[in-house]
file target_29.cif (mmCIF, C-alpha atoms)
data_coords
loop_
_atom_site.label_atom_id
_atom_site.label_comp_id
_atom_site.auth_asym_id
_atom_site.auth_seq_id
_atom_site.Cartn_x
_atom_site.Cartn_y
_atom_site.Cartn_z
CA MET U 1 85.69 93.27 123.45
CA ALA U 2 84.23 90.33 125.34
CA SER U 3 86.41 88.82 128.02
CA SER U 4 86.26 85.39 126.35
CA ARG U 5 88.23 86.76 123.43
CA SER U 6 90.89 88.46 125.50
CA GLU U 7 91.54 85.18 127.27
CA THR U 8 92.12 83.28 124.05
CA GLN U 9 93.50 85.96 121.72
CA PRO U 10 96.82 87.66 122.54
CA ALA U 11 97.00 91.29 121.46
CA LEU U 12 99.58 91.85 118.79
CA GLY U 13 100.89 94.90 120.63
CA GLY U 14 103.85 97.07 119.61
CA PRO U 15 106.97 96.30 117.58
CA GLN U 16 108.63 93.88 119.96
CA LEU U 17 109.41 90.87 117.77
CA GLU U 18 112.75 90.41 116.08
CA PRO U 19 112.61 89.25 112.44
CA ARG U 20 113.25 85.55 111.98
CA PRO U 21 115.58 84.39 109.18
CA ARG U 22 112.74 83.57 106.82
CA GLU U 23 111.43 87.12 107.26
CA GLN U 24 114.54 88.99 106.13
CA ALA U 25 112.90 89.86 102.82
CA GLN U 26 110.31 91.85 104.78
CA GLN U 27 112.84 94.26 106.29
CA PRO U 28 112.47 97.06 103.69
CA ASN U 29 108.73 97.15 104.41
CA GLU U 30 109.43 97.04 108.15
CA GLN U 31 111.67 100.09 107.84
CA ARG U 32 108.93 101.88 105.91
CA ALA U 33 106.45 100.94 108.64
CA GLU U 34 108.76 102.38 111.32
CA ALA U 35 108.95 105.63 109.34
CA LEU U 36 105.15 105.62 109.09
CA ILE U 37 104.91 105.31 112.88
CA GLU U 38 107.10 108.38 113.35
CA ARG U 39 104.89 110.41 111.03
CA ALA U 40 101.65 109.12 112.52
CA LEU U 41 102.63 109.85 116.13
CA SER U 42 102.57 113.57 115.35
CA GLY U 43 98.86 113.38 114.53
CA GLN U 44 95.78 113.81 116.69
CA ALA U 45 94.70 111.50 119.50
CA PRO U 46 92.77 108.33 118.63
CA ARG U 47 89.00 108.67 118.39
CA ARG U 48 87.42 105.73 116.62
CA ARG U 49 87.40 102.17 117.87
CA MET U 50 89.06 99.65 115.56
CA LEU U 51 89.42 95.89 115.77
CA VAL U 52 92.32 94.53 113.74
CA LEU U 53 91.81 90.89 112.76
CA ALA U 54 95.15 89.38 111.79
CA ASN U 55 95.45 86.06 110.01
CA PRO U 56 98.61 84.47 111.48
CA TYR U 57 99.06 82.50 108.24
CA ALA U 58 98.91 85.51 105.90
CA THR U 59 101.35 84.62 103.15
CA THR U 60 103.10 87.93 102.50
CA VAL U 61 103.46 89.61 105.91
CA SER U 62 105.98 88.88 108.69
CA SER U 63 105.05 88.88 112.37
CA ARG U 64 107.17 91.97 112.98
CA LEU U 65 105.59 93.86 110.10
CA LYS U 66 102.11 93.05 111.46
CA ASN U 67 103.12 94.50 114.82
CA LEU U 68 104.55 97.63 113.26
CA VAL U 69 101.41 98.26 111.23
CA VAL U 70 99.19 97.79 114.29
CA TYR U 71 101.41 100.14 116.30
CA ALA U 72 101.10 102.80 113.59
CA LEU U 73 97.30 102.47 113.55
CA GLN U 74 97.20 102.99 117.31
CA SER U 75 98.32 106.58 116.74
CA ARG U 76 94.95 107.50 115.20
CA TYR U 77 92.54 104.78 116.32
CA ALA U 78 91.69 103.05 119.59
CA VAL U 79 92.91 99.64 118.43
CA GLU U 80 92.41 96.13 119.71
CA ALA U 81 94.32 93.54 117.68
CA VAL U 82 93.65 89.81 117.73
CA GLU U 83 94.73 86.82 115.69
CA THR U 84 92.23 84.39 114.22
CA GLU U 85 92.54 80.77 115.31
CA ALA U 86 90.43 78.67 112.96
CA PRO U 87 88.00 78.86 110.03
CA GLY U 88 84.93 80.86 111.04
CA HIS U 89 86.68 82.59 113.94
CA ALA U 90 86.93 85.93 112.13
CA THR U 91 83.17 85.89 111.52
CA GLU U 92 82.49 85.28 115.20
CA LEU U 93 84.84 88.08 116.28
CA CYS U 94 83.28 90.51 113.81
CA ARG U 95 79.80 89.79 115.10
CA GLU U 96 81.03 90.59 118.58
CA ALA U 97 82.67 93.79 117.37
CA ALA U 98 79.47 94.90 115.65
CA SER U 99 77.36 94.18 118.72
CA GLU U 100 79.82 96.12 120.90
CA GLY U 101 79.70 99.18 118.66
CA TYR U 102 83.15 99.21 117.08
CA ASP U 103 83.45 101.78 114.33
CA LEU U 104 85.43 99.53 112.00
CA VAL U 105 87.16 96.19 111.66
CA ALA U 106 90.40 95.98 109.67
CA ALA U 107 90.82 92.53 108.10
CA PHE U 108 94.58 91.95 107.98
CA GLY U 109 95.05 88.99 105.65
CA GLY U 110 93.93 87.64 102.29
CA ASP U 111 90.55 87.40 100.62
CA GLY U 112 89.49 84.51 102.86
CA THR U 113 89.92 86.66 105.97
CA ILE U 114 88.00 89.48 104.29
CA ASN U 115 85.16 87.11 103.38
CA GLU U 116 84.83 85.87 106.96
CA ALA U 117 84.90 89.43 108.27
CA ALA U 118 82.22 90.49 105.77
CA ASN U 119 79.98 87.66 106.95
CA GLY U 120 80.29 88.90 110.53
CA LEU U 121 79.66 92.55 109.67
CA ALA U 122 76.97 92.37 106.95
CA GLY U 123 73.83 94.17 108.02
CA SER U 124 75.58 96.09 110.82
CA ARG U 125 76.84 99.66 111.12
CA THR U 126 80.43 98.56 111.77
CA ALA U 127 82.51 99.15 108.66
CA LEU U 128 85.07 96.84 107.06
CA ALA U 129 88.57 98.03 106.18
CA VAL U 130 91.25 95.91 104.53
CA LEU U 131 94.99 95.47 105.03
CA PRO U 132 96.43 93.18 102.33
CA GLY U 133 98.27 90.11 103.55
CA GLY U 134 97.33 87.43 101.02
CA SER U 135 98.78 86.24 97.76
CA THR U 136 96.21 87.88 95.44
CA ASN U 137 94.15 90.42 97.45
CA VAL U 138 91.35 90.68 94.88
CA PHE U 139 88.91 92.69 96.99
CA CYS U 140 91.59 95.06 98.23
CA ARG U 141 92.58 95.97 94.68
CA THR U 142 88.97 96.08 93.50
CA ILE U 143 88.05 98.85 95.95
CA GLY U 144 91.23 100.81 95.25
CA VAL U 145 93.15 100.17 98.47
CA PRO U 146 96.95 99.94 97.90
CA ASN U 147 98.17 96.37 97.52
CA ASP U 148 101.24 97.18 99.63
CA VAL U 149 100.45 96.76 103.33
CA VAL U 150 102.45 99.80 104.51
CA ASP U 151 100.79 102.00 101.90
CA ALA U 152 97.40 100.54 102.87
CA ALA U 153 98.05 101.34 106.55
CA GLU U 154 99.00 104.91 105.66
CA HIS U 155 95.84 105.16 103.57
CA LEU U 156 93.78 103.95 106.54
CA LEU U 157 95.43 106.50 108.84
CA GLY U 158 94.42 109.21 106.39
CA LEU U 159 90.77 108.16 106.70
CA ALA U 160 90.67 108.79 110.46
CA ASP U 161 89.56 112.41 110.00
CA ARG U 162 87.24 111.76 107.05
CA PHE U 163 85.51 108.61 108.19
CA GLU U 164 82.70 108.12 105.68
CA PRO U 165 81.69 104.45 105.33
CA ARG U 166 80.21 103.42 102.00
CA LEU U 167 77.50 100.80 101.61
CA ILE U 168 78.17 98.14 98.98
CA ASP U 169 76.35 95.09 97.68
CA THR U 170 77.30 91.53 98.46
CA GLY U 171 76.21 88.26 96.91
CA LEU U 172 74.80 85.30 98.81
CA ALA U 173 75.60 81.65 98.11
CA ASN U 174 73.34 79.48 100.28
CA GLY U 175 73.25 82.38 102.75
CA ARG U 176 77.03 82.89 102.78
CA HIS U 177 78.02 86.44 101.79
CA PHE U 178 80.69 86.93 99.16
CA VAL U 179 82.18 90.26 98.15
CA PHE U 180 83.58 89.60 94.69
CA SER U 181 82.94 86.11 93.26
CA SER U 182 81.75 82.55 93.68
CA GLY U 183 82.08 79.45 91.53
CA VAL U 184 80.57 75.98 91.20
CA GLY U 185 82.16 73.09 89.33
CA LEU U 186 85.57 73.32 87.68
CA ASP U 187 86.43 76.67 89.26
CA ALA U 188 85.75 75.37 92.79
CA ASP U 189 87.70 72.17 92.14
CA VAL U 190 90.71 74.29 91.16
CA VAL U 191 90.43 76.30 94.39
CA ALA U 192 90.23 73.07 96.40
CA ARG U 193 93.41 71.76 94.76
CA VAL U 194 95.25 75.03 95.42
CA GLU U 195 94.18 75.13 99.07
CA SER U 196 95.44 71.58 99.59
CA ARG U 197 99.00 72.83 99.00
CA PRO U 198 99.27 76.15 100.89
CA GLU U 199 103.06 76.18 100.70
CA LEU U 200 102.96 76.09 96.89
CA LYS U 201 100.17 78.68 96.83
CA ALA U 202 102.31 81.03 98.93
CA ARG U 203 105.47 80.48 96.88
CA LEU U 204 104.14 80.28 93.32
CA ARG U 205 100.96 82.36 93.67
CA GLU U 206 99.07 82.79 90.38
CA HIS U 207 101.37 80.35 88.60
CA TYR U 208 100.23 77.57 90.91
CA PHE U 209 96.59 78.45 90.17
CA THR U 210 97.36 78.04 86.47
CA TYR U 211 99.03 74.69 87.07
CA ALA U 212 96.12 73.55 89.26
CA ALA U 213 93.59 74.62 86.61
CA PHE U 214 95.22 72.61 83.83
CA THR U 215 95.84 69.61 86.12
CA THR U 216 92.28 69.56 87.43
CA PHE U 217 90.84 69.95 83.95
CA GLY U 218 93.01 67.18 82.52
CA ARG U 219 92.33 64.70 85.30
CA SER U 220 88.67 65.32 86.02
CA TYR U 221 86.98 67.27 83.23
CA LEU U 222 88.26 65.92 79.92
CA ALA U 223 86.76 62.44 80.16
CA ARG U 224 83.70 62.65 82.44
CA PRO U 225 83.18 66.21 83.69
CA ALA U 226 80.69 67.05 86.40
CA ARG U 227 77.72 68.87 84.90
CA VAL U 228 75.86 71.81 86.43
CA ARG U 229 72.29 72.91 85.81
CA VAL U 230 71.58 76.63 86.22
CA GLU U 231 68.06 78.03 86.55
CA VAL U 232 68.00 81.80 86.06
CA ASP U 233 65.46 84.31 84.72
CA GLY U 234 63.19 81.52 83.47
CA ARG U 235 66.01 79.85 81.54
CA VAL U 236 67.82 76.58 82.11
CA LEU U 237 71.54 76.52 81.26
CA GLU U 238 73.88 73.53 81.42
CA GLY U 239 77.66 73.35 81.61
CA ILE U 240 80.73 72.26 83.52
CA THR U 241 81.18 75.37 85.65
CA ALA U 242 79.17 78.40 86.73
CA LEU U 243 80.85 81.65 87.80
CA VAL U 244 79.02 84.43 89.64
CA GLN U 245 80.41 87.92 90.17
CA ASN U 246 79.30 90.57 92.65
CA SER U 247 82.08 92.92 91.58
CA ASP U 248 84.62 93.31 88.81
CA PRO U 249 87.13 91.76 88.16
CA PHE U 250 86.67 88.06 88.86
CA THR U 251 90.30 87.73 90.00
CA TYR U 252 93.82 88.80 89.04
CA PHE U 253 96.70 87.05 87.34
CA GLY U 254 99.65 88.97 88.76
CA GLY U 255 98.76 92.55 87.91
CA ARG U 256 96.35 91.56 85.13
CA PRO U 257 92.59 91.70 85.90
CA ILE U 258 90.64 88.61 84.82
CA ARG U 259 87.10 89.50 83.73
CA VAL U 260 84.52 86.85 82.86
CA CYS U 261 81.13 88.36 83.76
CA GLU U 262 79.83 91.56 82.20
CA GLY U 263 77.95 94.15 84.22
CA ALA U 264 79.20 93.22 87.69
CA GLY U 265 79.66 96.03 90.21
CA LEU U 266 79.56 96.70 93.95
CA ASP U 267 76.64 99.12 93.70
CA THR U 268 74.43 97.67 90.96
CA GLY U 269 72.10 95.68 93.23
CA ARG U 270 72.55 92.73 90.86
CA LEU U 271 74.84 89.78 90.15
CA SER U 272 76.34 88.60 86.87
CA LEU U 273 76.74 84.96 85.85
CA THR U 274 78.73 83.05 83.25
CA VAL U 275 78.32 79.35 82.41
CA LEU U 276 80.93 77.38 80.47
CA ARG U 277 78.92 74.80 78.56
CA ARG U 278 81.80 72.47 77.61
CA ALA U 279 85.53 72.59 77.10
CA GLY U 280 87.85 70.34 75.16
CA LEU U 281 91.50 71.06 74.58
CA LEU U 282 90.78 73.01 71.40
CA ASP U 283 88.05 74.97 73.17
CA LEU U 284 90.47 75.99 75.91
CA ALA U 285 92.91 77.22 73.30
CA THR U 286 90.32 79.66 71.99
CA LEU U 287 88.87 80.59 75.40
CA ALA U 288 92.13 81.32 77.25
CA PRO U 289 93.09 84.40 75.18
CA ARG U 290 89.64 85.87 75.80
CA VAL U 291 89.90 85.30 79.56
CA PHE U 292 93.33 86.92 79.74
CA SER U 293 92.27 89.83 77.53
CA GLY U 294 90.52 91.53 80.44
CA ARG U 295 87.39 92.00 78.30
CA ALA U 296 84.33 90.21 79.67
CA ALA U 297 82.32 91.05 76.54
CA TRP U 298 84.77 89.03 74.42
CA VAL U 299 84.51 86.09 76.84
CA ALA U 300 80.70 86.24 76.59
CA ARG U 301 80.86 85.89 72.80
CA HIS U 302 82.68 82.54 72.93
CA ARG U 303 80.60 79.77 71.36
CA HIS U 304 80.58 77.71 74.57
CA ILE U 305 79.70 80.53 76.97
CA ASP U 306 76.28 81.57 78.27
CA ALA U 307 76.29 84.94 80.05
CA VAL U 308 73.52 86.50 82.15
CA GLN U 309 73.63 90.04 83.53
CA ALA U 310 71.61 91.90 86.15
CA LEU U 311 70.21 88.86 87.94
CA THR U 312 68.87 88.89 91.50
CA GLU U 313 68.75 85.14 92.06
CA ALA U 314 69.76 81.84 90.48
CA ARG U 315 69.79 78.17 91.38
CA VAL U 316 72.67 75.82 90.53
CA SER U 317 72.44 72.06 90.96
CA ALA U 318 74.17 68.94 89.68
CA LEU U 319 72.74 67.63 86.42
CA GLY U 320 71.48 64.17 87.22
CA GLY U 321 71.87 64.63 90.98
CA GLY U 322 74.90 64.40 93.20
CA ALA U 323 77.08 67.01 94.87
CA LEU U 324 78.97 69.99 93.49
CA PRO U 325 82.11 71.76 94.74
CA LEU U 326 81.59 75.39 95.82
CA GLN U 327 83.95 78.30 96.42
CA VAL U 328 83.29 81.86 97.58
CA ASP U 329 85.89 84.64 97.34
CA GLY U 330 88.58 82.06 96.65
CA ASP U 331 87.76 79.90 99.70
CA TYR U 332 86.67 76.30 99.12
CA LEU U 333 83.50 75.48 101.10
CA GLY U 334 83.15 71.81 100.17
CA GLU U 335 80.47 69.95 98.23
CA VAL U 336 76.80 70.90 98.25
CA ASP U 337 73.62 69.51 96.69
CA GLU U 338 72.66 72.87 95.24
CA VAL U 339 73.58 76.53 95.46
CA ARG U 340 71.02 79.31 95.69
CA TYR U 341 72.47 82.65 94.67
CA GLU U 342 70.91 85.96 95.68
CA SER U 343 71.95 89.59 95.58
CA ALA U 344 72.12 91.53 98.85
CA PRO U 345 72.10 95.22 97.92
CA ARG U 346 73.82 97.73 100.26
CA SER U 347 74.44 95.04 102.86
CA LEU U 348 78.03 95.85 103.89
CA ALA U 349 79.67 99.07 105.06
CA ILE U 350 83.29 99.58 103.99
CA VAL U 351 85.85 102.37 104.29
CA VAL U 352 88.07 103.10 101.28
#
call {"tool": "encode", "arguments": {"input": "target_29.cif", "output": "structure tokens"}}
result
Amino acid sequence: MASSRSETQPALGGPQLEPRPREQAQQPNEQRAEALIERALSGQAPRRRMLVLANPYATTVSSRLKNLVVYALQSRYAVEAVETEAPGHATELCREAASEGYDLVAAFGGDGTINEAANGLAGSRTALAVLPGGSTNVFCRTIGVPNDVVDAAEHLLGLADRFEPRLIDTGLANGRHFVFSSGVGLDADVVARVESRPELKARLREHYFTYAAFTTFGRSYLARPARVRVEVDGRVLEGITALVQNSDPFTYFGGRPIRVCEGAGLDTGRLSLTVLRRAGLLDLATLAPRVFSGRAAWVARHRHIDAVQALTEARVSALGGGALPLQVDGDYLGEVDEVRYESAPRSLAIVV
């Protein structure tokens, strides 16, 4: 990689770090990773170039476990491992990797790290691989990669001899690629609240999202909710939140898939959209069971839902002017005047 990166990014290297007290719970996985290294070292020499992007703040992976996983991957790939430093850094590093001809980039973190990596690799021949290190790992589970990091590393080692990248679709929100979902309005406000308390997000996971959703709704959306205006397929829809899916499901609650948009898929060449027109307390009581049912068709039949499938573009703006909160792949991007959604068919290479 470029010399500027090697000066600022220390390689993770081999398994040299001792576990700190707060990492004791990781030791069973570390022992499994050491066993994986022993098995992997008996394989063939590395052939393909891999950049491992590690998020140092990944919520479920210790420093030692990261090092062990990287060391195992070095048995089958020519690996360079770097840690990201700030928002947007992963995108920059991935663009460099693509321009320098790396075969693949392994995003070692949560969905935010994967989203940044996808934005650096979209349109290139360098493929994206994923190593789960976040609290939810939606994209990882969507594409069938094991949600356990040691199992995911072993899976990636197994792909070294059958390296066949697959092209998938992404969505675009004001030019920003997203791999599974985006939201405007209530959904994005919930993400913003969750991101403001990363320690609670890491400890409570999906339960904190639930708390944040009810708190945000009660404080900001019961009395005077922000209103969105959606222009799609010659129609105008209005509501308090708009959700767009590029793949299915929208997210997970623990092991339960949450599906809100019908017809979404990574190889359809289209997006799916759902608009929640209004929601009082009684409305939420009837909507929540549908959301947790895992059946998007049942969600779409709710009296306050408008659903649109197979769209290629849409425009979302604030009803009456103003700014709207926006999230992509579970990352809060701030407030925007409008969001222009587009589909980007076959724009990203992945290995699964």
call {"tool": "resolve_selection", "arguments": {"input": "target_29.cif", "expression": "the PyMOL selection byres ((chain U and resi 333-350) around 9)", "output": "number ranges by chain"}}
result
U: 104, 118-119, 121-130, 164-175, 177, 184, 188, 192, 244, 246, 266-271, 311-318, 321-328, 331-332, 351-352
call {"tool": "resolve_selection", "arguments": {"input": "target_29.cif", "expression": "the PyMOL selection byres ((chain U and resi 133) around 9)", "output": "PyMOL selection string"}}
result
chain U and resi 54-55+57-61+108-111+131-132+134-137+147-149
call {"tool": "closest_residue", "arguments": {"input": "target_29.cif", "among": "U:Gly239, U:Gly183, U:Gly330, U:Pro146", "to": "Ala279 (chain U)", "atoms": "all atoms listed in the file"}}
result
U:Gly239
call {"tool": "closest_residue", "arguments": {"input": "target_29.cif", "among": "U:Ser99, U:Thr216, U:Thr91, U:Ser62", "to": "Gly120 (chain U)", "atoms": "all atoms listed in the file"}}
result
U:Thr91
call {"tool": "residues_around", "arguments": {"input": "target_29.cif", "residues": "Leu284 (chain U)", "least_positions_apart": "4", "cutoff": "12 Å", "atoms": "all atoms listed in the file", "output": "CSV table (one decimal) with C-alpha atoms, keeping the file's coordinate frame"}}
result
chain,number,residue,atom,x,y,z
U,213,ALA,CA,93.6,74.6,86.6
U,214,PHE,CA,95.2,72.6,83.8
U,217,PHE,CA,90.8,70.0,84.0
U,218,GLY,CA,93.0,67.2,82.5
U,221,TYR,CA,87.0,67.3,83.2
U,222,LEU,CA,88.3,65.9,79.9
U,276,LEU,CA,80.9,77.4,80.5
U,277,ARG,CA,78.9,74.8,78.6
U,278,ARG,CA,81.8,72.5,77.6
U,279,ALA,CA,85.5,72.6,77.1
U,280,GLY,CA,87.8,70.3,75.2
U,288,ALA,CA,92.1,81.3,77.2
U,289,PRO,CA,93.1,84.4,75.2
U,290,ARG,CA,89.6,85.9,75.8
U,291,VAL,CA,89.9,85.3,79.6
U,292,PHE,CA,93.3,86.9,79.7
U,299,VAL,CA,84.5,86.1,76.8
U,302,HIS,CA,82.7,82.5,72.9
U,303,ARG,CA,80.6,79.8,71.4
U,304,HIS,CA,80.6,77.7,74.6
U,305,ILE,CA,79.7,80.5,77.0
call {"tool": "resolve_selection", "arguments": {"input": "target_29.cif", "expression": "the PyMOL selection byres ((chain U and resi 252) around 10)", "output": "VMD selection string"}}
result
chain U and resid 136 to 138 141 to 142 206 249 to 251 253 to 259 292 294
call {"tool": "residues_around", "arguments": {"input": "target_29.cif", "residues": "Glu85 (chain U)", "least_positions_apart": "3", "cutoff": "9 Å", "atoms": "only C-alpha atoms", "output": "list in words"}}
result
Gln9, Asn55, Pro56, Gly88, His89 and Ala90 of chain U
call {"tool": "atom_distance", "arguments": {"input": "target_29.cif", "atom1": "CA of Leu243 (chain U)", "atom2": "CA of Glu195 (chain U)"}}
result
18.6 Å
call {"tool": "atom_distance", "arguments": {"input": "target_29.cif", "atom1": "CA of Ala242 (chain U)", "atom2": "CA of Thr274 (chain U)"}}
result
5.8 Å
call {"tool": "closest_residue", "arguments": {"input": "target_29.cif", "among": "U:Ala202, U:Ala226, U:Val236, U:Phe180", "to": "Ser272 (chain U)", "atoms": "all atoms listed in the file"}}
result
U:Phe180
call {"tool": "atom_distance", "arguments": {"input": "target_29.cif", "atom1": "CA of Leu53 (chain U)", "atom2": "CA of Leu65 (chain U)"}}
result
14.3 Å
call {"tool": "closest_residue", "arguments": {"input": "target_29.cif", "among": "U:Arg47, U:Arg219, U:Arg39, U:Arg203", "to": "Phe163 (chain U)", "atoms": "only C-alpha atoms"}}
result
U:Arg47
call {"tool": "closest_residue", "arguments": {"input": "target_29.cif", "among": "U:Leu159, U:Leu273, U:Ile143, U:Leu93", "to": "Leu237 (chain U)", "atoms": "all atoms listed in the file"}}
result
U:Leu273
call {"tool": "residues_near_point", "arguments": {"input": "target_29.cif", "point": "(82.2, 91.6, 79.3)", "cutoff": "6 Å", "atoms": "only C-alpha atoms", "output": "PyMOL selection string"}}
result
chain U and resi 261-262+295-297
call {"tool": "closest_residue", "arguments": {"input": "target_29.cif", "among": "U:Leu287, U:Val232, U:Cys140, U:Leu36", "to": "Thr113 (chain U)", "atoms": "all atoms listed in the file"}}
result
U:Cys140
